[in-house]
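Taking it in order: structure first as structure tokens, then the write-up.
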Amino acid sequence: MAKTALIDVKDQDLLAAIRELFKTVLKQDEISALLVPCRLSVKPSVMPTLVTDPGQLGAVDPLSPAFPINTAKVVSRLTRRESGGKVAAVMRPCEIRAFVELVKLKQGRTEDLVIIGLDCLGAFPNRDYIQWVGSGDDADASTQKFYSAMLSGSGDGSDGTQPAAACRVCEQPVPEGADITIGLFGIDTTGSIPVTAQSAAGEDLLAELGLKPGEEPPARRKAIDKLVADRTAARDEMFDATAAAVDNLEKLTAYLANCVNCYNCRVACPVCYCRECVFVTDVFDHEPSQYLRWANRKGAVKMPTDTVFYHLTRLAHMSTACVGCGQCSNACPNDIPVMELFRTVAYRTQRAFDYRAGRNLDEKPPLSEFKEDEFQEVVGLSLI
């Protein structure tokens, strides 16, 4: 059974209490560094930061609605080989799921890593976050306004607190696969917040933190169930609308018409890990005469070419591993709703294989193992 302890908030605010917890984590002898979202000193931005000095944790802000990168890529770099120390990484649920997929693909390791997950309140698109935080003169107040609105259920956009589209349809806002989980949903954050160990490594670390034992309040599960139901309904509406918008090649071409082949979505995707993408090789470095031949044959050809083919290839390549983090849309310079397309296709792909990306480390990715009784309705076989 999972073990739970409590962080007393009381005379401080929620953000300050979480900062103190992280300082305590970093002071543990077995923890060499803490990877955590921190505000930059040069501008009001929040980026993953590898911290070794507890005195440098004053700018920690994991509750900020900033999500410039899916940290799974960073954790992959830190864990792909032995580093000589143990890292505690603070990650959103979709980041944890992406990292699980990367571990399966031999792009990361769980040894010498402790994952700390928080209930995810969502985040803004990059451009919206910059407008939201303003000059950064009182960034703590901006963060407090955001998490107060989201935890009270008033973050509907009327006061500027509506998260990105990917967050509004995310039905997995609670960190699964974390060693330690910090609970926020359904919690009175002016009193105590629960910290729950979900693994043996988490229990070992929790035992060292000196927190008083406690239990999660029943209101937490009720709040989570309602949130998941609301998000699932919104997700299904998005699936229906997106499927109708791309249900033939002509519609799909129109949907992706503004694509300029910048490949930002590929770079931002946490599970797109190939060192060399086929679309930046000679295969798609066409000769000038080729473009003229295409134009002569059709009378006109849109430039740049291969945009639809690029997205179809990415869908075929990674839809089984998509975790719905929305970084593809976040990175698109022309605001193409890439997330909606990829989540819609990925959901159907993963459902076909009875697979959910990032669910656990023991599930092998689809197409990586042979299952004799799989897809009998397609191949017309039956077991005797």
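Residue numbering restarts at 1 in every chain; chains get A, B, ... in the order shown in the structure tokens, and ligands count up from 1 in that same order.
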Closest-contact table, range 156-243 of chain A side, partner range 121-129 of chain A, 6 Å, counting only C-alpha atoms, as a Markdown table:
| residue | atom | partner | partner_atom | distance |
| --- | --- | --- | --- | --- |
| A:Pro163 | CA | A:Phe124 | CA | 4.8 |
| A:Ala164 | CA | A:Phe124 | CA | 4.9 |
| A:Cys167 | CA | A:Gly122 | CA | 5.2 |
For this session: Might you pull out every residue within 9 Å of range 188-200 of chain A, with only C-alpha atoms counted and same-chain residues fewer than 2 positions away left off, and present them as a ChimeraX atom specification?
Result: /A:1-14,176-186,202-206,211,214-217
For range 19-51 of chain A versus range 141-151 of chain A, which residues have an atom no more than 12 Å away, and what is each residue's nearest atom pair and distance in Å rounded to one decimal, using only C-alpha atoms, chain-then-number order, as a Markdown table?
| residue | atom | partner | partner_atom | distance |
| --- | --- | --- | --- | --- |
| A:Arg39 | CA | A:Thr143 | CA | 11.3 |
| A:Pro44 | CA | A:Ser142 | CA | 10.9 |
| A:Ser45 | CA | A:Thr143 | CA | 12.0 |
| A:Val46 | CA | A:Thr143 | CA | 11.2 |
Problem set entry | All strand (DSSP E) positions in range 75-200 of chain A, as a ChimeraX atom specification | /A:87-91,113-118,180-182,192-197
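Going from CA of Pro213 in chain A to CA of Met91 in chain A covers 23.6 Å.
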Once DSSP has gone over the backbone, tell me which residues of range 226-283 of chain A are in alpha helix (DSSP H), as a PDB file with N, CA, C and O atoms, in the first residue's frame.
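Just written: selection21.pdb:
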ATOM      1  N   LYS A 226     -14.052  13.682 -11.195  1.00  0.00           N
ATOM      2  CA  LYS A 226     -14.845  14.689 -11.918  1.00  0.00           C
ATOM      3  C   LYS A 226     -14.009  15.344 -13.009  1.00  0.00           C
ATOM      4  O   LYS A 226     -14.477  15.545 -14.141  1.00  0.00           O
ATOM      5  N   LEU A 227     -12.772  15.674 -12.678  1.00  0.00           N
ATOM      6  CA  LEU A 227     -11.901  16.312 -13.667  1.00  0.00           C
ATOM      7  C   LEU A 227     -11.671  15.393 -14.852  1.00  0.00           C
ATOM      8  O   LEU A 227     -11.736  15.825 -16.015  1.00  0.00           O
ATOM      9  N   VAL A 228     -11.394  14.127 -14.592  1.00  0.00           N
ATOM     10  CA  VAL A 228     -11.142  13.168 -15.671  1.00  0.00           C
ATOM     11  C   VAL A 228     -12.392  13.004 -16.540  1.00  0.00           C
ATOM     12  O   VAL A 228     -12.302  12.945 -17.769  1.00  0.00           O
ATOM     13  N   ALA A 229     -13.554  12.957 -15.917  1.00  0.00           N
ATOM     14  CA  ALA A 229     -14.797  12.830 -16.693  1.00  0.00           C
ATOM     15  C   ALA A 229     -15.012  14.039 -17.588  1.00  0.00           C
ATOM     16  O   ALA A 229     -15.372  13.894 -18.768  1.00  0.00           O
ATOM     17  N   ASP A 230     -14.777  15.225 -17.052  1.00  0.00           N
ATOM     18  CA  ASP A 230     -14.941  16.447 -17.851  1.00  0.00           C
ATOM     19  C   ASP A 230     -13.929  16.493 -18.994  1.00  0.00           C
ATOM     20  O   ASP A 230     -14.278  16.829 -20.137  1.00  0.00           O
ATOM     21  N   ARG A 231     -12.692  16.145 -18.691  1.00  0.00           N
ATOM     22  CA  ARG A 231     -11.641  16.177 -19.714  1.00  0.00           C
ATOM     23  C   ARG A 231     -11.898  15.120 -20.793  1.00  0.00           C
ATOM     24  O   ARG A 231     -11.671  15.366 -21.975  1.00  0.00           O
ATOM     25  N   THR A 232     -12.375  13.959 -20.390  1.00  0.00           N
ATOM     26  CA  THR A 232     -12.651  12.894 -21.363  1.00  0.00           C
ATOM     27  C   THR A 232     -13.762  13.308 -22.316  1.00  0.00           C
ATOM     28  O   THR A 232     -13.684  13.050 -23.528  1.00  0.00           O
ATOM     29  N   ALA A 233     -14.786  13.952 -21.786  1.00  0.00           N
ATOM     30  CA  ALA A 233     -15.875  14.435 -22.641  1.00  0.00           C
ATOM     31  C   ALA A 233     -15.361  15.473 -23.632  1.00  0.00           C
ATOM     32  O   ALA A 233     -15.703  15.440 -24.826  1.00  0.00           O
ATOM     33  N   ALA A 234     -14.516  16.387 -23.161  1.00  0.00           N
ATOM     34  CA  ALA A 234     -13.936  17.403 -24.052  1.00  0.00           C
ATOM     35  C   ALA A 234     -13.017  16.758 -25.083  1.00  0.00           C
ATOM     36  O   ALA A 234     -12.998  17.156 -26.261  1.00  0.00           O
ATOM     37  N   ARG A 235     -12.286  15.760 -24.658  1.00  0.00           N
ATOM     38  CA  ARG A 235     -11.398  15.034 -25.580  1.00  0.00           C
ATOM     39  C   ARG A 235     -12.185  14.361 -26.689  1.00  0.00           C
ATOM     40  O   ARG A 235     -11.818  14.447 -27.876  1.00  0.00           O
ATOM     41  N   ASP A 236     -13.266  13.693 -26.337  1.00  0.00           N
ATOM     42  CA  ASP A 236     -14.059  12.995 -27.342  1.00  0.00           C
ATOM     43  C   ASP A 236     -14.691  13.968 -28.335  1.00  0.00           C
ATOM     44  O   ASP A 236     -14.809  13.662 -29.533  1.00  0.00           O
ATOM     45  N   GLU A 237     -15.103  15.126 -27.858  1.00  0.00           N
ATOM     46  CA  GLU A 237     -15.617  16.155 -28.769  1.00  0.00           C
ATOM     47  C   GLU A 237     -14.531  16.602 -29.740  1.00  0.00           C
ATOM     48  O   GLU A 237     -14.780  16.799 -30.933  1.00  0.00           O
ATOM     49  N   MET A 238     -13.309  16.751 -29.222  1.00  0.00           N
ATOM     50  CA  MET A 238     -12.192  17.129 -30.082  1.00  0.00           C
ATOM     51  C   MET A 238     -11.909  16.047 -31.120  1.00  0.00           C
ATOM     52  O   MET A 238     -11.672  16.339 -32.296  1.00  0.00           O
ATOM     53  N   PHE A 239     -11.951  14.781 -30.696  1.00  0.00           N
ATOM     54  CA  PHE A 239     -11.717  13.685 -31.632  1.00  0.00           C
ATOM     55  C   PHE A 239     -12.739  13.718 -32.770  1.00  0.00           C
ATOM     56  O   PHE A 239     -12.387  13.578 -33.946  1.00  0.00           O
ATOM     57  N   ASP A 240     -13.991  13.908 -32.433  1.00  0.00           N
ATOM     58  CA  ASP A 240     -15.046  13.914 -33.451  1.00  0.00           C
ATOM     59  C   ASP A 240     -14.848  15.076 -34.432  1.00  0.00           C
ATOM     60  O   ASP A 240     -14.975  14.898 -35.657  1.00  0.00           O
ATOM     61  N   ALA A 241     -14.558  16.248 -33.895  1.00  0.00           N
ATOM     62  CA  ALA A 241     -14.382  17.423 -34.754  1.00  0.00           C
ATOM     63  C   ALA A 241     -13.164  17.270 -35.655  1.00  0.00           C
ATOM     64  O   ALA A 241     -13.204  17.600 -36.851  1.00  0.00           O
ATOM     65  N   THR A 242     -12.072  16.745 -35.105  1.00  0.00           N
ATOM     66  CA  THR A 242     -10.845  16.589 -35.892  1.00  0.00           C
ATOM     67  C   THR A 242     -11.017  15.515 -36.955  1.00  0.00           C
ATOM     68  O   THR A 242     -10.588  15.692 -38.104  1.00  0.00           O
ATOM     69  N   ALA A 243     -11.647  14.403 -36.591  1.00  0.00           N
ATOM     70  CA  ALA A 243     -11.870  13.333 -37.565  1.00  0.00           C
ATOM     71  C   ALA A 243     -12.702  13.827 -38.738  1.00  0.00           C
ATOM     72  O   ALA A 243     -12.421  13.501 -39.903  1.00  0.00           O
ATOM     73  N   ALA A 244     -13.706  14.651 -38.446  1.00  0.00           N
ATOM     74  CA  ALA A 244     -14.536  15.191 -39.523  1.00  0.00           C
ATOM     75  C   ALA A 244     -13.755  16.177 -40.395  1.00  0.00           C
ATOM     76  O   ALA A 244     -14.024  16.304 -41.591  1.00  0.00           O
ATOM     77  N   ALA A 245     -12.774  16.844 -39.805  1.00  0.00           N
ATOM     78  CA  ALA A 245     -12.004  17.854 -40.533  1.00  0.00           C
ATOM     79  C   ALA A 245     -10.934  17.254 -41.439  1.00  0.00           C
ATOM     80  O   ALA A 245     -10.422  17.939 -42.329  1.00  0.00           O
ATOM     81  N   LEU A 249      -8.396  13.054 -48.208  1.00  0.00           N
ATOM     82  CA  LEU A 249      -7.104  13.668 -48.519  1.00  0.00           C
ATOM     83  C   LEU A 249      -7.231  15.158 -48.795  1.00  0.00           C
ATOM     84  O   LEU A 249      -6.358  15.953 -48.402  1.00  0.00           O
ATOM     85  N   GLU A 250      -8.330  15.556 -49.425  1.00  0.00           N
ATOM     86  CA  GLU A 250      -8.523  16.972 -49.721  1.00  0.00           C
ATOM     87  C   GLU A 250      -8.634  17.787 -48.433  1.00  0.00           C
ATOM     88  O   GLU A 250      -8.019  18.848 -48.288  1.00  0.00           O
ATOM     89  N   LYS A 251      -9.398  17.263 -47.478  1.00  0.00           N
ATOM     90  CA  LYS A 251      -9.543  17.961 -46.194  1.00  0.00           C
ATOM     91  C   LYS A 251      -8.226  17.971 -45.422  1.00  0.00           C
ATOM     92  O   LYS A 251      -7.869  18.979 -44.794  1.00  0.00           O
ATOM     93  N   LEU A 252      -7.525  16.855 -45.455  1.00  0.00           N
ATOM     94  CA  LEU A 252      -6.246  16.793 -44.747  1.00  0.00           C
ATOM     95  C   LEU A 252      -5.255  17.786 -45.335  1.00  0.00           C
ATOM     96  O   LEU A 252      -4.505  18.456 -44.603  1.00  0.00           O
ATOM     97  N   THR A 253      -5.237  17.892 -46.649  1.00  0.00           N
ATOM     98  CA  THR A 253      -4.348  18.852 -47.311  1.00  0.00           C
ATOM     99  C   THR A 253      -4.681  20.272 -46.884  1.00  0.00           C
ATOM    100  O   THR A 253      -3.782  21.084 -46.622  1.00  0.00           O
ATOM    101  N   ALA A 254      -5.974  20.586 -46.799  1.00  0.00           N
ATOM    102  CA  ALA A 254      -6.384  21.919 -46.357  1.00  0.00           C
ATOM    103  C   ALA A 254      -6.008  22.146 -44.894  1.00  0.00           C
ATOM    104  O   ALA A 254      -5.580  23.236 -44.509  1.00  0.00           O
ATOM    105  N   TYR A 255      -6.158  21.107 -44.073  1.00  0.00           N
ATOM    106  CA  TYR A 255      -5.841  21.197 -42.646  1.00  0.00           C
ATOM    107  C   TYR A 255      -4.370  21.561 -42.441  1.00  0.00           C
ATOM    108  O   TYR A 255      -4.022  22.320 -41.534  1.00  0.00           O
ATOM    109  N   ASN A 264       9.497  21.975 -36.687  1.00  0.00           N
ATOM    110  CA  ASN A 264       9.497  22.292 -35.258  1.00  0.00           C
ATOM    111  C   ASN A 264       8.743  21.245 -34.450  1.00  0.00           C
ATOM    112  O   ASN A 264       9.129  20.914 -33.327  1.00  0.00           O
ATOM    113  N   CYS A 265       7.648  20.718 -35.014  1.00  0.00           N
ATOM    114  CA  CYS A 265       6.861  19.729 -34.277  1.00  0.00           C
ATOM    115  C   CYS A 265       7.670  18.462 -34.030  1.00  0.00           C
ATOM    116  O   CYS A 265       7.542  17.824 -32.978  1.00  0.00           O
ATOM    117  N   ARG A 266       8.512  18.113 -34.978  1.00  0.00           N
ATOM    118  CA  ARG A 266       9.374  16.937 -34.798  1.00  0.00           C
ATOM    119  C   ARG A 266      10.408  17.192 -33.709  1.00  0.00           C
ATOM    120  O   ARG A 266      10.664  16.340 -32.843  1.00  0.00           O
ATOM    121  N   VAL A 267      11.002  18.377 -33.714  1.00  0.00           N
ATOM    122  CA  VAL A 267      12.021  18.711 -32.724  1.00  0.00           C
ATOM    123  C   VAL A 267      11.418  18.795 -31.325  1.00  0.00           C
ATOM    124  O   VAL A 267      12.028  18.359 -30.345  1.00  0.00           O
ATOM    125  N   ALA A 268      10.205  19.341 -31.228  1.00  0.00           N
ATOM    126  CA  ALA A 268       9.578  19.521 -29.920  1.00  0.00           C
ATOM    127  C   ALA A 268       9.000  18.228 -29.363  1.00  0.00           C
ATOM    128  O   ALA A 268       8.834  18.101 -28.143  1.00  0.00           O
TER     129      ALA A 268
END
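Residue nearest Val133 in chain A, chosen from A:Cys322, A:Leu57, A:Ala66, A:Ala166 and counting only C-alpha atoms: A:Ala66.
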Extract, using only C-alpha atoms, all DNA, RNA and protein residues at most 12 Å from Val75 in chain A, discarding same-chain residues fewer than 5 positions from it, and format them as a tab-separated table (two decimals) with N, CA, C and O atoms, in the first residue's frame.
chain	number	residue	atom	x	y	z
A	34	LEU	N	18.91	18.09	-8.50
A	34	LEU	CA	17.47	18.16	-8.67
A	34	LEU	C	17.18	18.86	-9.99
A	34	LEU	O	17.64	19.99	-10.23
A	35	LEU	N	16.44	18.19	-10.87
A	35	LEU	CA	15.99	18.80	-12.12
A	35	LEU	C	14.58	19.31	-11.88
A	35	LEU	O	13.66	18.52	-11.63
A	36	VAL	N	14.40	20.63	-12.00
A	36	VAL	CA	13.13	21.23	-11.59
A	36	VAL	C	12.88	22.50	-12.40
A	36	VAL	O	13.84	23.18	-12.80
A	48	PRO	N	13.48	23.99	-17.42
A	48	PRO	CA	14.06	22.93	-16.59
A	48	PRO	C	15.50	23.31	-16.22
A	48	PRO	O	16.27	23.74	-17.07
A	49	THR	N	15.81	23.17	-14.94
A	49	THR	CA	17.13	23.59	-14.45
A	49	THR	C	17.69	22.49	-13.56
A	49	THR	O	17.00	21.97	-12.69
A	50	LEU	N	18.96	22.15	-13.78
A	50	LEU	CA	19.64	21.14	-12.97
A	50	LEU	C	20.36	21.85	-11.83
A	50	LEU	O	21.31	22.60	-12.05
A	69	ILE	N	9.13	23.11	-22.88
A	69	ILE	CA	9.74	21.88	-23.38
A	69	ILE	C	9.21	20.72	-22.57
A	69	ILE	O	8.96	20.85	-21.36
A	70	ASN	N	9.01	19.59	-23.22
A	70	ASN	CA	8.68	18.37	-22.49
A	70	ASN	C	9.98	17.84	-21.89
A	70	ASN	O	10.89	17.42	-22.61
A	80	ARG	N	20.78	8.60	-20.05
A	80	ARG	CA	21.07	7.63	-21.11
A	80	ARG	C	22.28	6.77	-20.73
A	80	ARG	O	22.35	5.60	-21.07
A	81	ARG	N	23.22	7.40	-20.04
A	81	ARG	CA	24.40	6.67	-19.53
A	81	ARG	C	24.58	7.02	-18.06
A	81	ARG	O	23.97	7.95	-17.56
A	83	SER	N	25.78	8.69	-14.81
A	83	SER	CA	26.25	10.05	-14.57
A	83	SER	C	27.13	10.17	-13.33
A	83	SER	O	27.76	11.20	-13.11
A	86	LYS	N	22.80	10.38	-8.37
A	86	LYS	CA	21.36	10.20	-8.51
A	86	LYS	C	20.68	11.55	-8.68
A	86	LYS	O	20.96	12.49	-7.94
A	87	VAL	N	19.79	11.62	-9.65
A	87	VAL	CA	19.05	12.84	-9.95
A	87	VAL	C	17.59	12.66	-9.55
A	87	VAL	O	16.98	11.63	-9.84
A	88	ALA	N	17.03	13.66	-8.87
A	88	ALA	CA	15.60	13.72	-8.62
A	88	ALA	C	15.00	14.67	-9.65
A	88	ALA	O	15.43	15.82	-9.74
A	89	ALA	N	14.06	14.20	-10.45
A	89	ALA	CA	13.48	15.00	-11.53
A	89	ALA	C	12.02	15.30	-11.24
A	89	ALA	O	11.23	14.39	-10.99
A	90	VAL	N	11.67	16.58	-11.26
A	90	VAL	CA	10.28	17.02	-11.06
A	90	VAL	C	9.63	17.09	-12.43
A	90	VAL	O	10.06	17.87	-13.29
A	91	MET	N	8.57	16.30	-12.65
A	91	MET	CA	8.01	16.16	-13.99
A	91	MET	C	6.49	16.20	-13.97
A	91	MET	O	5.85	15.74	-13.01
A	95	GLU	N	5.10	14.32	-19.11
A	95	GLU	CA	6.56	14.17	-19.22
A	95	GLU	C	6.99	12.80	-18.71
A	95	GLU	O	7.88	12.16	-19.29
A	96	ILE	N	6.36	12.35	-17.63
A	96	ILE	CA	6.68	11.02	-17.11
A	96	ILE	C	6.31	9.95	-18.13
A	96	ILE	O	7.09	9.03	-18.40
A	98	ALA	N	6.08	10.26	-21.37
A	98	ALA	CA	7.01	10.32	-22.50
A	98	ALA	C	8.35	9.67	-22.13
A	98	ALA	O	8.95	8.96	-22.95
A	99	PHE	N	8.80	9.90	-20.90
A	99	PHE	CA	10.07	9.30	-20.49
A	99	PHE	C	9.96	7.79	-20.43
A	99	PHE	O	10.90	7.07	-20.80
A	100	VAL	N	8.82	7.28	-19.97
A	100	VAL	CA	8.61	5.82	-19.96
A	100	VAL	C	8.77	5.26	-21.37
A	100	VAL	O	9.42	4.22	-21.56
A	102	LEU	N	10.52	6.58	-23.79
A	102	LEU	CA	11.92	6.70	-24.17
A	102	LEU	C	12.78	5.60	-23.53
A	102	LEU	O	13.72	5.10	-24.15
A	103	VAL	N	12.44	5.23	-22.31
A	103	VAL	CA	13.17	4.12	-21.66
A	103	VAL	C	12.96	2.84	-22.44
A	103	VAL	O	13.89	2.06	-22.66
A	107	GLN	N	16.38	4.99	-24.81
A	107	GLN	CA	16.85	6.37	-24.85
A	107	GLN	C	17.00	6.98	-23.46
A	107	GLN	O	17.33	8.16	-23.33
A	108	GLY	N	16.77	6.20	-22.44
A	108	GLY	CA	16.90	6.67	-21.07
A	108	GLY	C	16.93	5.49	-20.12
A	108	GLY	O	16.63	4.36	-20.51
A	109	ARG	N	17.31	5.75	-18.87
A	109	ARG	CA	17.41	4.70	-17.87
A	109	ARG	C	16.74	5.18	-16.58
A	109	ARG	O	16.73	6.38	-16.28
A	110	THR	N	16.19	4.25	-15.83
A	110	THR	CA	15.55	4.60	-14.56
A	110	THR	C	16.50	4.45	-13.37
A	110	THR	O	16.19	4.91	-12.28
A	111	GLU	N	17.64	3.79	-13.60
A	111	GLU	CA	18.63	3.69	-12.53
A	111	GLU	C	19.15	5.09	-12.20
A	111	GLU	O	19.27	5.95	-13.06
A	112	ASP	N	19.43	5.32	-10.94
A	112	ASP	CA	19.97	6.62	-10.48
A	112	ASP	C	19.03	7.77	-10.80
A	112	ASP	O	19.46	8.89	-11.11
A	113	LEU	N	17.72	7.50	-10.77
A	113	LEU	CA	16.73	8.53	-11.02
A	113	LEU	C	15.56	8.35	-10.06
A	113	LEU	O	15.08	7.24	-9.85
A	114	VAL	N	15.13	9.45	-9.47
A	114	VAL	CA	13.90	9.48	-8.67
A	114	VAL	C	12.98	10.50	-9.32
A	114	VAL	O	13.36	11.65	-9.54
A	115	ILE	N	11.78	10.08	-9.66
A	115	ILE	CA	10.82	10.97	-10.32
A	115	ILE	C	9.83	11.50	-9.29
A	115	ILE	O	9.19	10.73	-8.58
A	270	PRO	N	8.60	14.89	-27.64
A	270	PRO	CA	9.52	14.21	-26.72
A	270	PRO	C	9.83	12.77	-27.10
A	270	PRO	O	10.84	12.22	-26.66
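Nearest residue to Ala17 in chain A among A:Val74, A:Val60, A:Ala352, A:Leu292 is A:Val60, counting only C-alpha atoms.
Minimum atom-to-atom distance to Ala201 in chain A, evaluated using only C-alpha atoms, belongs to A:Ile116 out of A:Lys73, A:Val323, A:Ile116, A:His286.
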